[in-house]
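**Q** Below is the file start_5.cif, which contains mmCIF, C-alpha atoms.
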```
data_upload
#
loop_
_atom_site.label_atom_id
_atom_site.label_comp_id
_atom_site.auth_asym_id
_atom_site.auth_seq_id
_atom_site.Cartn_x
_atom_site.Cartn_y
_atom_site.Cartn_z
CA SER A 137 15.19 21.21 16.41
CA MET A 138 12.25 22.42 18.50
CA LEU A 139 10.29 19.20 17.95
CA GLU A 140 13.13 17.17 19.48
CA LYS A 141 13.19 19.01 22.82
CA PRO A 142 11.93 16.95 25.82
CA GLU A 143 11.46 20.25 27.70
CA TYR A 144 8.04 20.59 26.08
CA MET A 145 6.92 17.51 28.06
CA GLY A 146 7.84 19.28 31.32
CA HIS A 147 11.38 17.90 31.66
CA THR A 148 14.70 19.62 32.38
CA VAL A 149 17.68 18.46 30.30
CA ASN A 150 21.28 18.90 31.43
CA PHE A 151 24.61 18.05 29.76
CA ARG A 152 23.45 18.57 26.17
CA SER A 153 27.00 19.74 25.42
CA SER A 154 30.40 19.80 27.07
CA LYS A 155 34.04 20.85 26.64
CA LYS A 156 37.25 19.46 28.09
CA SER A 157 38.69 22.84 29.07
CA TYR A 158 37.79 26.51 28.85
CA ARG A 159 40.01 26.81 25.75
CA ASP A 160 38.05 24.20 23.79
CA LYS A 161 34.88 24.71 21.84
CA ARG A 162 31.70 23.24 23.27
CA VAL A 163 30.62 20.01 21.54
CA LYS A 164 27.22 18.31 21.54
CA ASN A 165 26.83 15.21 23.69
CA ASP A 166 25.06 12.07 22.57
CA PRO A 167 21.42 12.02 23.85
CA SER A 168 22.32 8.88 25.88
CA ASP A 169 24.67 11.09 27.95
CA TRP A 170 22.01 13.69 28.78
CA LEU A 171 20.76 13.96 32.35
CA ILE A 172 16.98 14.38 32.31
CA PHE A 173 14.88 15.46 35.30
CA GLU A 174 11.24 14.66 34.61
CA ASN A 175 8.19 16.78 35.49
CA THR A 176 10.10 19.84 36.71
CA HIS A 177 7.67 22.29 35.12
CA GLU A 178 4.29 22.39 33.42
CA ALA A 179 4.15 20.43 30.17
CA ILE A 180 2.66 21.95 27.03
CA VAL A 181 2.81 18.69 25.02
CA ASP A 182 1.72 15.26 26.29
CA PRO A 183 4.24 12.36 25.91
CA GLU A 184 2.10 10.52 23.33
CA THR A 185 2.02 13.55 20.99
CA TRP A 186 5.76 14.13 21.47
CA GLN A 187 6.58 10.48 20.63
CA LEU A 188 4.27 10.66 17.61
CA ALA A 189 6.14 13.74 16.40
CA GLN A 190 9.47 11.84 16.63
CA GLN A 191 7.99 8.95 14.65
CA VAL A 192 6.66 11.22 11.90
CA LYS A 193 9.97 13.13 11.72
CA ARG A 194 11.92 9.90 11.12
CA THR A 195 9.85 9.11 8.02
CA VAL A 196 10.94 10.91 4.87
CA ARG A 197 7.81 12.16 3.12
CA ARG A 198 8.27 12.49 -0.61
CA THR A 199 5.78 14.40 -2.74
CA ASP A 200 4.74 13.60 -6.29
CA THR A 201 4.61 16.03 -9.20
CA THR A 202 1.30 17.42 -7.93
CA GLY A 203 2.91 18.25 -4.57
CA VAL A 204 0.86 15.65 -2.69
CA ALA A 205 2.61 13.62 0.04
CA ASN A 206 1.71 9.96 0.42
CA PRO A 207 0.25 9.33 3.93
CA LEU A 208 1.36 5.66 3.83
CA THR A 209 5.06 6.45 3.37
CA GLY A 210 7.16 4.22 5.63
CA LEU A 211 4.18 2.23 6.91
CA VAL A 212 3.75 -0.53 4.28
CA PHE A 213 6.00 -3.60 4.40
CA CYS A 214 6.38 -6.81 2.39
CA ALA A 215 4.89 -9.83 4.21
CA ASP A 216 7.58 -12.14 2.78
CA CYS A 217 10.92 -10.36 3.24
CA GLY A 218 9.94 -7.51 5.60
CA ALA A 219 11.33 -4.77 3.33
CA LYS A 220 9.41 -1.57 2.65
CA MET A 221 6.88 -1.46 -0.16
CA TYR A 222 7.64 1.26 -2.70
CA ASN A 223 4.86 3.47 -4.05
CA HIS A 224 4.92 3.84 -7.85
CA ARG A 225 2.99 6.69 -9.46
CA GLY A 226 3.05 7.68 -13.08
CA LYS A 227 1.30 7.54 -16.45
CA ARG A 228 1.14 4.82 -19.06
CA LYS A 229 -0.16 4.62 -22.61
CA LYS A 230 -2.26 1.78 -23.91
CA ASP A 231 -4.11 1.63 -27.22
CA GLY A 232 -3.33 5.30 -27.77
CA ARG A 233 -4.89 6.32 -24.45
CA GLU A 234 -3.02 7.68 -21.42
CA TYR A 235 -3.99 6.61 -17.93
CA GLY A 236 -2.52 7.08 -14.44
CA THR A 237 -0.93 4.33 -12.31
CA ASP A 238 -0.66 4.27 -8.53
CA PHE A 239 0.43 1.06 -6.79
CA TYR A 240 2.79 -0.48 -4.23
CA ASN A 241 5.37 -3.22 -4.78
CA CYS A 242 8.10 -4.91 -2.72
CA SER A 243 11.27 -2.77 -2.73
CA THR A 244 13.52 -5.86 -2.66
CA TYR A 245 11.89 -7.18 -5.83
CA THR A 246 11.83 -3.74 -7.47
CA LEU A 247 15.55 -3.21 -6.89
CA THR A 248 16.63 -6.69 -8.04
CA PHE A 249 14.16 -7.88 -10.69
CA GLU A 250 16.52 -6.87 -13.53
CA ARG A 251 19.46 -8.83 -12.10
CA GLU A 252 20.22 -12.49 -12.70
CA THR A 253 19.65 -13.37 -9.04
CA GLN A 254 16.09 -12.34 -8.25
CA MET A 255 15.22 -11.65 -4.61
CA CYS A 256 11.69 -11.84 -3.20
CA PHE A 257 8.68 -11.60 -5.55
CA SER A 258 6.38 -9.03 -7.09
CA HIS A 259 3.58 -8.16 -4.66
CA THR A 260 1.67 -5.47 -6.54
CA VAL A 261 -1.30 -3.88 -4.80
CA SER A 262 -3.09 -0.75 -5.97
CA THR A 263 -3.03 2.25 -3.64
CA LYS A 264 -6.79 2.58 -4.05
CA ALA A 265 -7.36 -1.01 -2.86
CA LEU A 266 -4.86 -0.63 -0.01
CA ASN A 267 -6.49 2.59 1.22
CA ALA A 268 -9.93 0.93 1.07
CA LEU A 269 -8.69 -2.07 3.09
CA ILE A 270 -7.03 0.06 5.77
CA LEU A 271 -10.03 2.38 6.01
CA GLU A 272 -12.44 -0.54 6.38
CA THR A 273 -10.19 -2.27 8.95
CA ILE A 274 -9.94 0.86 11.12
CA ARG A 275 -13.68 1.49 10.86
CA THR A 276 -14.61 -2.11 11.71
CA THR A 277 -12.17 -2.39 14.62
CA ALA A 278 -13.03 1.04 16.02
CA SER A 279 -16.76 0.35 15.78
CA TYR A 280 -16.37 -3.01 17.53
CA ALA A 281 -14.16 -1.50 20.26
CA ILE A 282 -16.65 1.29 21.02
CA GLN A 283 -19.69 -1.01 21.10
CA ASN A 284 -17.93 -3.78 23.09
CA LYS A 285 -15.44 -1.97 25.32
CA GLU A 286 -14.99 -4.64 28.00
CA GLU A 287 -14.89 -7.49 25.48
CA PHE A 288 -12.34 -5.60 23.35
CA ILE A 289 -10.01 -5.02 26.33
CA GLN A 290 -10.42 -8.66 27.40
CA LYS A 291 -9.47 -9.87 23.89
CA VAL A 292 -6.27 -7.83 24.00
CA ARG A 293 -5.45 -9.23 27.44
CA SER A 294 -6.23 -12.81 26.42
CA ILE A 295 -3.65 -12.64 23.60
CA SER A 296 -1.06 -11.63 26.18
CA GLN A 297 -2.14 -14.43 28.53
CA VAL A 298 -1.81 -17.09 25.80
CA ARG A 299 1.70 -15.87 25.03
CA GLN A 300 2.60 -15.96 28.73
CA GLN A 301 1.35 -19.56 29.05
CA GLU A 302 3.40 -20.65 26.03
CA ALA A 303 6.51 -18.95 27.43
CA ALA A 304 5.92 -20.62 30.83
CA LYS A 305 5.84 -24.07 29.16
CA GLU A 306 9.07 -23.30 27.30
CA ARG A 307 10.79 -22.15 30.52
CA LYS A 308 9.60 -25.33 32.30
CA ARG A 309 11.00 -27.53 29.51
CA SER A 310 14.31 -25.65 29.63
CA ALA A 311 14.54 -26.31 33.40
CA GLU A 312 13.74 -30.00 32.82
CA LEU A 313 16.56 -30.19 30.28
CA ASP A 314 18.96 -28.76 32.89
CA VAL A 315 18.07 -31.66 35.21
CA LEU A 316 18.34 -34.25 32.42
CA ILE A 317 21.77 -32.99 31.31
CA LYS A 318 23.00 -33.04 34.92
CA LYS A 319 21.76 -36.63 35.44
CA LEU A 320 23.31 -37.63 32.12
CA TYR A 321 26.72 -36.38 33.26
CA GLU A 322 26.36 -38.21 36.60
CA THR A 323 25.40 -41.47 34.86
CA TYR A 324 28.36 -41.16 32.50
CA ALA A 325 30.78 -40.32 35.34
CA MET A 326 29.70 -43.47 37.21
CA GLY A 327 30.49 -45.57 34.15
CA LYS A 328 26.88 -46.60 33.55
CA LEU A 329 26.69 -45.03 30.08
CA GLU A 330 28.87 -45.50 27.00
CA GLU A 331 30.75 -42.43 25.77
CA LYS A 332 29.20 -42.55 22.29
CA ARG A 333 25.67 -42.77 23.72
CA PHE A 334 26.46 -40.01 26.23
CA GLU A 335 27.73 -37.62 23.53
CA LEU A 336 24.69 -38.31 21.31
CA LEU A 337 22.11 -37.68 24.06
CA CYS A 338 23.99 -34.68 25.44
CA ALA A 339 24.18 -33.06 21.99
CA GLU A 340 20.43 -33.56 21.46
CA TYR A 341 19.49 -32.07 24.85
CA GLU A 342 21.84 -29.11 24.46
CA LYS A 343 20.56 -28.41 20.94
CA GLU A 344 16.94 -28.41 22.16
CA GLN A 345 17.83 -26.16 25.08
CA ALA A 346 19.70 -23.69 22.84
CA GLU A 347 16.68 -23.52 20.52
CA LEU A 348 14.35 -22.93 23.49
CA GLU A 349 16.57 -20.16 24.88
CA GLN A 350 16.64 -18.46 21.49
CA LEU A 351 12.85 -18.76 21.22
CA LEU A 352 12.35 -17.41 24.75
CA ALA A 353 14.60 -14.42 24.05
CA SER A 354 12.64 -13.49 20.92
CA GLU A 355 9.28 -14.07 22.63
CA GLN A 356 10.24 -11.91 25.61
CA ALA A 357 10.31 -8.88 23.32
CA GLN A 358 6.87 -9.88 22.00
CA LEU A 359 5.57 -10.32 25.56
CA ASP A 360 6.79 -6.85 26.48
CA GLN A 361 5.01 -5.52 23.40
CA PHE A 362 1.79 -7.34 24.38
CA HIS A 363 1.98 -5.75 27.84
CA GLU A 364 2.25 -2.34 26.18
CA ASP A 365 -0.63 -3.20 23.84
CA THR A 366 -2.80 -4.11 26.83
CA ASP A 367 -1.97 -0.81 28.51
CA ARG A 368 -2.82 1.05 25.32
CA ALA A 369 -6.21 -0.59 24.81
CA SER A 370 -7.90 2.35 26.52
CA HIS A 371 -5.88 4.76 24.36
CA PHE A 372 -7.16 2.98 21.24
CA LEU A 373 -10.72 3.43 22.50
CA ALA A 374 -10.08 7.15 22.90
CA LEU A 375 -8.79 7.30 19.31
CA ALA A 376 -11.82 5.37 18.05
CA GLN A 377 -14.09 7.94 19.69
CA LYS A 378 -11.96 10.80 18.32
CA TYR A 379 -12.20 9.57 14.72
CA THR A 380 -15.87 8.59 14.69
CA ASP A 381 -16.62 9.72 11.14
CA PHE A 382 -13.97 9.84 8.43
CA THR A 383 -13.89 9.16 4.70
CA GLN A 384 -10.16 9.42 3.93
CA LEU A 385 -6.86 8.51 5.54
CA THR A 386 -4.53 11.23 6.83
CA ALA A 387 -0.92 10.87 8.02
CA PRO A 388 -1.71 11.89 11.65
CA MET A 389 -4.61 9.41 11.83
CA LEU A 390 -2.50 6.55 10.46
CA HIS A 391 0.42 7.20 12.81
CA GLU A 392 -1.88 7.53 15.82
CA PHE A 393 -3.65 4.25 15.10
#
```
Represent the structure contained in this file as structure tokens.
**A**
Amino acid sequence: SMLEKPEYMGHTVNFRSSKKSYRDKRVKNDPSDWLIFENTHEAIVDPETWQLAQQVKRTVRRTDTTGVANPLTGLVFCADCGAKMYNHRGKRKKDGREYGTDFYNCSTYTLTFERETQMCFSHTVSTKALNALILETIRTTASYAIQNKEEFIQKVRSISQVRQQEAAKERKRSAELDVLIKKLYETYAMGKLEEKRFELLCAEYEKEQAELEQLLASEQAQLDQFHEDTDRASHFLALAQKYTDFTQLTAPMLHEF
């Protein structure tokens, strides 16, 4: 309850609850109906930490029989179907010897592999290997970012610029199709084009334009994300300097990165 309060970021929140008349009991309002006045008093938590707390709270952290919580819970996804990867821990016997198992696999496959209709595939990866890969990736990227600050920021910006150029080309083609469709209608109205030919060309242009509009809509969300990534490049550098020497992954470190 306390971790969800925006007041700790220095904001004042009104209309958390309401009632229709003095006889009724007060009921909680949806957060979308709150009225928030920002920066009305001194903050004791910065916005980044507050948002991180909300992210961590949303992830259910299960513990194994030893009472240890998995720091990668809710962060590993299947590259094929996009579903979460399940962590499997336990013990197996082989040749009379007992040994421990600790690996990840696609949840879609895990939940359907016994059925007649199999969905997705088995993508087993050991937790040890996954931890080593993530650790090495963070170390390599952080080291590069610290040693090449300007180049690192420029790389992040260049990715955004490439996306913007691609989106600009798609918008230009969509505008060209508007002109072509208009001219097509004019040509048909003047009797210079057969109806069958008109319908065929019109269907092709409209199909291409619909596909472009769908692509532009999906890419706009990516462009917005790239803008945010560019703004956060300096924040990543600060994190890289904060975690200069580490040998194991922790939940706060993973969520921050």
**Q** Set the distance at 12 Å and use only C-alpha atoms: which residues neighbour Asn165 in chain A once local chain neighbours fewer than 5 positions away are removed? I'd like the list as number ranges by chain.
**A** A: 149-155, 170-171
**Q** I need the residue set behind the PyMOL selection byres ((chain A and resi 279-290) around 12) for this file; please write it as a count of residues only.
**A** 31
**Q** With all atoms listed in the file as the basis for distance, which of A:Glu349, A:His224, A:Met138, A:Phe334 is at the shortest distance from Ser310 in chain A?
**A**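 Of the candidates, the smallest distance to Ser310 in chain A is held by A:Glu349.
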**Q** Using Å and a single decimal, report how far CA of Glu143 in chain A sits from CA of Asp182 in chain A.
**A**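 So the two atoms, CA of Asp182 in chain A and CA of Glu143 in chain A, lie 11.0 Å apart.
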**Q** How far is it from CA of Asn241 in chain A to CA of Ser258 in chain A, in Å with one decimal?
**A** 6.3 Å
**Q** I'd like the interatomic distance between CA of Tyr240 in chain A and CA of Thr185 in chain A, to a tenth of an Å.
**A**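 Atom-to-atom, CA of Tyr240 in chain A and CA of Thr185 in chain A are spaced 28.9 Å apart.
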**Q** If you apply the PyMOL selection byres ((chain A and resi 211) around 10) to this file, what residues do you get, as a list in words?
**A**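 Given this file, the PyMOL selection byres ((chain A and resi 211) around 10) evaluates to Thr195, Pro207, Leu208, Thr209, Gly210, Val212, Phe213, Lys220, Met221, Leu390 and His391 of chain A.
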**Q** The PyMOL selection byres ((chain A and resi 385) around 9) on the file shown: which residues, as a ChimeraX atom specification?
**A** /A:207-208,267,270-271,382-384,386-390
**Q** Between A:Met326, A:Gly232, A:Leu139, A:Leu348, which residue has the minimum interatomic distance to Glu302 in chain A, considering all atoms listed in the file?
**A** A:Leu348
**Q** May I have the protein, DNA and RNA residues with any atom at most 10 Å from the point (9.6, 9.9, 34.2), counting only C-alpha atoms, written as a ChimeraX atom specification?
**A** /A:146-147,172-175
